[in-house]
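All remarks here apply to the structure that follows.
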Amino acid sequence: IKKQTWNGGNLCHSSVITPNSAWPNIHMVEVVRSCPELCRFCLASYLTLPFRSAPLEENLIPAVQKGLQATKRIGLLGASVTQHPEFSDLLDWLNQDQFDDVRLSISSVRAATVNTKITNILSKRGSKSLTIAIESGSQRIRELINKKLYEEEIFSAAQYTYEAGLQGLKLYGMVGLPTENEEDIEATADLLLRLKRKTKGLRYTLGISTFVPKAQTPFQWNGVNNEAKKRLKKLTKRLESNGIQARPESYGWSVIQALISRSDRRLAPVIEAIRHYPKVSLGEWKKTYLAAFNGELNPKSEEYIMPSWEEIIYDSWPSSKVLPWSHLEGPLKTEQLLNHKNQSFKKNSQ
């Protein structure tokens, strides 16, 4: 089954604007789709290739104008918004006096693309902070995952944010990436602390997630790192004891993400059983999975012999394994994904 890709010029924008949404009363406009950077863990990049951008005059400006008929809050959305080839022109258009009462927000910005123009217009248009994804404070890990980002670019982004009068810099980080060790966790804490000392007027927040393997990415064969929970707590404690806000995602729910991400059709009876619980907890997920593993939920056939909880979530799989999604052909073939993975680990071992 081959994935179908929309290659037309028009991308999406909000069709419903409501105060009862995750981003209340914001008209979201999709500026780009996919991402050309190809970080090895990233589903949003690999699965949605090729990188596409909406044309400025034909799509983006009309989409913003339509939203302004309903709200004064505009959000520019995409995995790598600032890499739109006409992004600077879009900012110039939004910088007109007629938009002085409009509040503008931008999804996570690639740190290497942050400049005075971006931060000044965000400040002028009511944004309080800038968000960048660094993934790790360790240059070794950033190179492993193909994150083409250097420390000086992170510090420059912080400086631009401060000089524009924005109040905060939000960063996204991750624990549990392949080959990660304690020194890499220390490097992330150290980077945040040095950022705070360098630009004391900024409020820093680090959102921390646990690596979860995703289909159609080079790291789909890697399992969840069973040290991630401990490292999540360690990094959180280190930052908060030094006045930096940490927002760790639940390790337990990341495990459930991995269960769903790596399972096949045999998980269906588990999902069916779970949906009948009045309130679903992590414990109920594991209890229900173990019931399926013991044959209590499934049809009595060899097709429904369940893999163990540990095999699904924590084990690294051999490249020869037939994956649950092997019948789905994404933008890159399995051989290409494996080559990207091997390139990362080969470079990292040199």
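We label chains A, B, ... in the order they appear in the structure tokens, count residues from 1 in each chain, and number ligands from 1 in the order shown.
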Practice task
Please identify all polymer residues within 12 Å of A:Gln336, counting only C-alpha atoms, omitting same-chain residues fewer than 3 positions from it, and present them as number ranges by chain.
Solution key: A: 40, 46, 216-218, 319, 329-333, 339-343
Deliver the residues from the most recent selection as a file, using all heavy atoms, as a CSV table (one decimal), in the first residue's frame.
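Result file out.csv:
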chain,number,residue,atom,x,y,z
A,40,ARG,N,16.5,12.0,12.8
A,40,ARG,CA,16.3,10.5,12.7
A,40,ARG,C,15.1,10.0,13.4
A,40,ARG,O,14.6,8.9,13.1
A,40,ARG,CB,17.5,9.8,13.1
A,40,ARG,CG,18.8,10.2,12.3
A,40,ARG,CD,18.6,10.2,10.8
A,40,ARG,NE,19.9,10.3,10.2
A,40,ARG,CZ,20.1,10.8,9.0
A,40,ARG,NH1,19.1,11.3,8.3
A,40,ARG,NH2,21.3,10.9,8.4
A,46,TYR,N,9.9,12.5,8.2
A,46,TYR,CA,10.0,11.4,7.3
A,46,TYR,C,8.7,10.9,6.7
A,46,TYR,O,8.7,10.7,5.5
A,46,TYR,CB,10.7,10.2,8.1
A,46,TYR,CG,12.2,10.3,8.1
A,46,TYR,CD1,12.9,10.9,9.1
A,46,TYR,CD2,12.9,9.7,7.1
A,46,TYR,CE1,14.3,11.0,9.2
A,46,TYR,CE2,14.3,9.7,7.1
A,46,TYR,CZ,15.0,10.4,8.1
A,46,TYR,OH,16.3,10.4,8.1
A,216,GLN,N,8.3,4.3,10.1
A,216,GLN,CA,8.8,5.0,8.9
A,216,GLN,C,9.9,6.0,9.2
A,216,GLN,O,10.1,7.0,8.5
A,216,GLN,CB,7.6,5.8,8.2
A,216,GLN,CG,6.4,4.9,7.9
A,216,GLN,CD,6.7,3.9,6.7
A,216,GLN,OE1,7.8,3.9,6.1
A,216,GLN,NE2,5.7,3.1,6.4
A,217,THR,N,10.6,5.9,10.4
A,217,THR,CA,11.7,6.7,10.7
A,217,THR,C,13.0,5.8,10.9
A,217,THR,O,12.8,4.6,11.2
A,217,THR,CB,11.5,7.5,12.0
A,217,THR,OG1,11.5,6.6,13.1
A,217,THR,CG2,10.2,8.3,12.0
A,218,PRO,N,14.2,6.3,10.8
A,218,PRO,CA,15.4,5.5,11.0
A,218,PRO,C,15.5,4.9,12.3
A,218,PRO,O,16.2,3.9,12.5
A,218,PRO,CB,16.5,6.5,10.7
A,218,PRO,CG,15.9,7.5,9.8
A,218,PRO,CD,14.5,7.6,10.3
A,319,SER,N,17.2,-5.5,12.0
A,319,SER,CA,16.7,-4.9,10.8
A,319,SER,C,16.0,-6.0,9.9
A,319,SER,O,15.2,-5.6,9.0
A,319,SER,CB,17.9,-4.3,10.0
A,319,SER,OG,18.9,-5.3,9.7
A,329,GLU,N,4.1,1.5,2.2
A,329,GLU,CA,5.3,2.1,1.5
A,329,GLU,C,5.2,3.6,1.7
A,329,GLU,O,4.4,4.3,1.2
A,329,GLU,CB,5.3,1.8,0.0
A,329,GLU,CG,6.5,2.4,-0.7
A,329,GLU,CD,6.5,2.1,-2.2
A,329,GLU,OE1,6.0,1.0,-2.6
A,329,GLU,OE2,7.1,2.9,-2.9
A,330,GLY,N,6.1,4.1,2.6
A,330,GLY,CA,6.2,5.5,2.9
A,330,GLY,C,7.1,6.2,1.8
A,330,GLY,O,7.5,5.7,0.8
A,331,PRO,N,7.4,7.5,2.1
A,331,PRO,CA,8.2,8.3,1.1
A,331,PRO,C,9.6,7.6,0.9
A,331,PRO,O,10.1,7.7,-0.2
A,331,PRO,CB,8.4,9.6,1.8
A,331,PRO,CG,7.2,9.7,2.7
A,331,PRO,CD,6.9,8.3,3.2
A,332,LEU,N,10.2,7.0,1.9
A,332,LEU,CA,11.5,6.3,1.8
A,332,LEU,C,11.3,4.8,2.0
A,332,LEU,O,10.6,4.4,2.9
A,332,LEU,CB,12.5,6.9,2.7
A,332,LEU,CG,12.8,8.4,2.6
A,332,LEU,CD1,13.9,8.8,3.6
A,332,LEU,CD2,13.3,8.7,1.2
A,333,LYS,N,12.0,4.0,1.3
A,333,LYS,CA,12.0,2.6,1.5
A,333,LYS,C,12.7,2.2,2.7
A,333,LYS,O,13.6,2.9,3.2
A,333,LYS,CB,12.5,1.9,0.2
A,333,LYS,CG,11.7,2.1,-1.1
A,333,LYS,CD,12.2,1.3,-2.2
A,333,LYS,CE,11.4,1.6,-3.5
A,333,LYS,NZ,10.0,1.2,-3.4
A,339,ASN,N,19.7,2.8,6.0
A,339,ASN,CA,21.0,3.5,5.6
A,339,ASN,C,21.1,4.8,6.4
A,339,ASN,O,22.2,5.1,6.9
A,339,ASN,CB,21.0,3.8,4.1
A,339,ASN,CG,22.2,4.4,3.6
A,339,ASN,OD1,23.3,4.0,4.0
A,339,ASN,ND2,22.1,5.5,2.9
A,340,HIS,N,20.0,5.5,6.6
A,340,HIS,CA,20.1,6.7,7.4
A,340,HIS,C,20.5,6.4,8.8
A,340,HIS,O,21.3,7.1,9.5
A,340,HIS,CB,18.8,7.5,7.4
A,340,HIS,CG,18.5,8.2,6.1
A,340,HIS,ND1,17.6,9.2,6.0
A,340,HIS,CD2,19.0,8.0,4.8
A,340,HIS,CE1,17.6,9.7,4.7
A,340,HIS,NE2,18.4,9.0,4.0
A,341,LYS,N,19.9,5.4,9.4
A,341,LYS,CA,20.2,4.9,10.7
A,341,LYS,C,21.7,4.6,10.8
A,341,LYS,O,22.4,5.0,11.8
A,341,LYS,CB,19.4,3.8,11.2
A,341,LYS,CG,19.7,3.2,12.5
A,341,LYS,CD,19.0,1.9,12.8
A,341,LYS,CE,19.5,1.3,14.2
A,341,LYS,NZ,18.8,0.0,14.5
A,342,ASN,N,22.2,3.8,9.9
A,342,ASN,CA,23.6,3.3,10.0
A,342,ASN,C,24.5,4.5,9.8
A,342,ASN,O,25.6,4.6,10.4
A,342,ASN,CB,23.8,2.3,8.9
A,342,ASN,CG,23.1,1.0,9.1
A,342,ASN,OD1,22.8,0.7,10.3
A,342,ASN,ND2,22.9,0.2,8.1
A,343,GLN,N,24.2,5.5,9.0
A,343,GLN,CA,25.0,6.7,8.8
A,343,GLN,C,25.1,7.4,10.1
A,343,GLN,O,26.2,7.9,10.5
A,343,GLN,CB,24.4,7.6,7.8
A,343,GLN,CG,24.5,7.2,6.3
A,343,GLN,CD,23.8,8.1,5.4
A,343,GLN,OE1,23.3,9.1,5.8
A,343,GLN,NE2,23.9,7.8,4.1
Give one line per residue of stretch 152-232 of chain A that approaches stretch 103-113 of chain A to at most 8 Å, naming the two atoms of the closest pair and their distance in Å to one decimal, counting only C-alpha atoms; sort by chain then ascending residue number and deliver it as JSON lines.
{"residue": "A:Glu153", "atom": "CA", "partner": "A:Ala112", "partner_atom": "CA", "distance": 5.4}
{"residue": "A:Ile154", "atom": "CA", "partner": "A:Ala111", "partner_atom": "CA", "distance": 6.0}
{"residue": "A:Ala157", "atom": "CA", "partner": "A:Ala111", "partner_atom": "CA", "distance": 6.0}
Exercise for the section: Could you find all residues in stretch 138-317 of chain A that DSSP calls strand (DSSP E) from the backbone, and write them as JSON, numbers by chain? Expected result: {"A": [168, 169, 170, 171, 172, 173, 174, 175, 203, 204, 205, 206, 207, 208, 209, 210, 245, 246, 247, 248]}
Exercise for the section: Excluding A:Ser80 and residues on its chain fewer than 2 positions from it, collect all residues at most 12 Å away from it, counting only C-alpha atoms, and give them as a VMD selection string. Expected result: chain A and resid 30 to 39 44 to 45 51 to 53 76 to 78 82 to 85 87 106 to 114 131 to 133
Exercise for the section: Step one, run DSSP on the backbone; step two, keep only residues of stretch 151-330 of chain A assigned to alpha helix (DSSP H); then write them as number ranges by chain. Expected result: A: 151-163, 182-198, 228-240, 251-262, 268-274, 282-293, 309-313
Would you write out, as a tab-separated table, a table of all residues in stretch 83-185 of chain A that have an atom no more than 10 Å from an atom of stretch 247-261 of chain A, listing for each the closest atom pair and the distance in Å to one decimal, considering only C-alpha atoms and ordering rows by chain and rising residue number?
residue	atom	partner	partner_atom	distance
A:Tyr172	CA	A:Arg247	CA	9.4
A:Gly173	CA	A:Pro248	CA	9.3
A:Met174	CA	A:Pro248	CA	9.3
A:Val175	CA	A:Pro248	CA	9.9
Output N, CA, C and O atoms for every residue in the selection just made, as a compact mmCIF listing (two decimals), in the first residue's frame.
# COMPACT_ATOMS: atom_id res chain seq x y z
N TYR A 172 12.49 22.65 23.61
CA TYR A 172 12.07 21.26 23.66
C TYR A 172 13.32 20.38 23.74
O TYR A 172 14.26 20.55 22.96
N GLY A 173 13.30 19.45 24.68
CA GLY A 173 14.40 18.49 24.80
C GLY A 173 13.86 17.08 24.91
O GLY A 173 12.64 16.87 25.06
N MET A 174 14.76 16.12 24.88
CA MET A 174 14.35 14.72 24.88
C MET A 174 15.35 13.89 25.68
O MET A 174 16.55 14.17 25.66
N VAL A 175 14.86 12.90 26.39
CA VAL A 175 15.72 11.93 27.04
C VAL A 175 15.46 10.57 26.44
O VAL A 175 14.42 10.33 25.83
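Distance annotation: of A:Asn95, A:Asn7, A:Asp184, A:Glu57, the residue with the minimal separation from A:Ile141 is A:Asp184; atom set is only C-alpha atoms.
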Practice task
Quick one: everything within 10 Å of A:Ser316, counting only C-alpha atoms, minus sequence neighbours fewer than 5 positions away in the same chain. Send it as a list in words.
Solution key: Pro178, Pro213, Phe219, Gln220, Trp221, Asn222, Gly223, Val224, Asn225 and Glu311 of chain A
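The closest residue to A:Ala158, picked from A:Ala70, A:Val270, A:Leu202, A:Ala189 and counting only C-alpha atoms, is A:Leu202.
Picture a line from atom CA of A:Ile208 to atom CA of A:Ser136; it runs 9.7 Å.
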Exercise for the section: Counting only C-alpha atoms, figure out which residue out of A:Met306, A:Val81, A:Val64, A:Val102 gets nearest to A:Val29. Expected result: A:Val64
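Of the listed residues (A:Leu177, A:Leu192, A:Ala63, A:Ala291), A:Leu177 comes nearest to A:Asn226; the distances count only C-alpha atoms.
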Exercise for the section: Determine the nearest neighbour of A:Phe99 from the options A:Gln65, A:Asn115, A:Ser129, A:Thr48, counting only C-alpha atoms. Expected result: A:Gln65
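Of the residues under consideration (A:Asp100, A:Arg142, A:Arg203, A:Ser156), A:Ser156 shows the shortest atom-to-atom contact distance to A:Thr116 when counting only C-alpha atoms.
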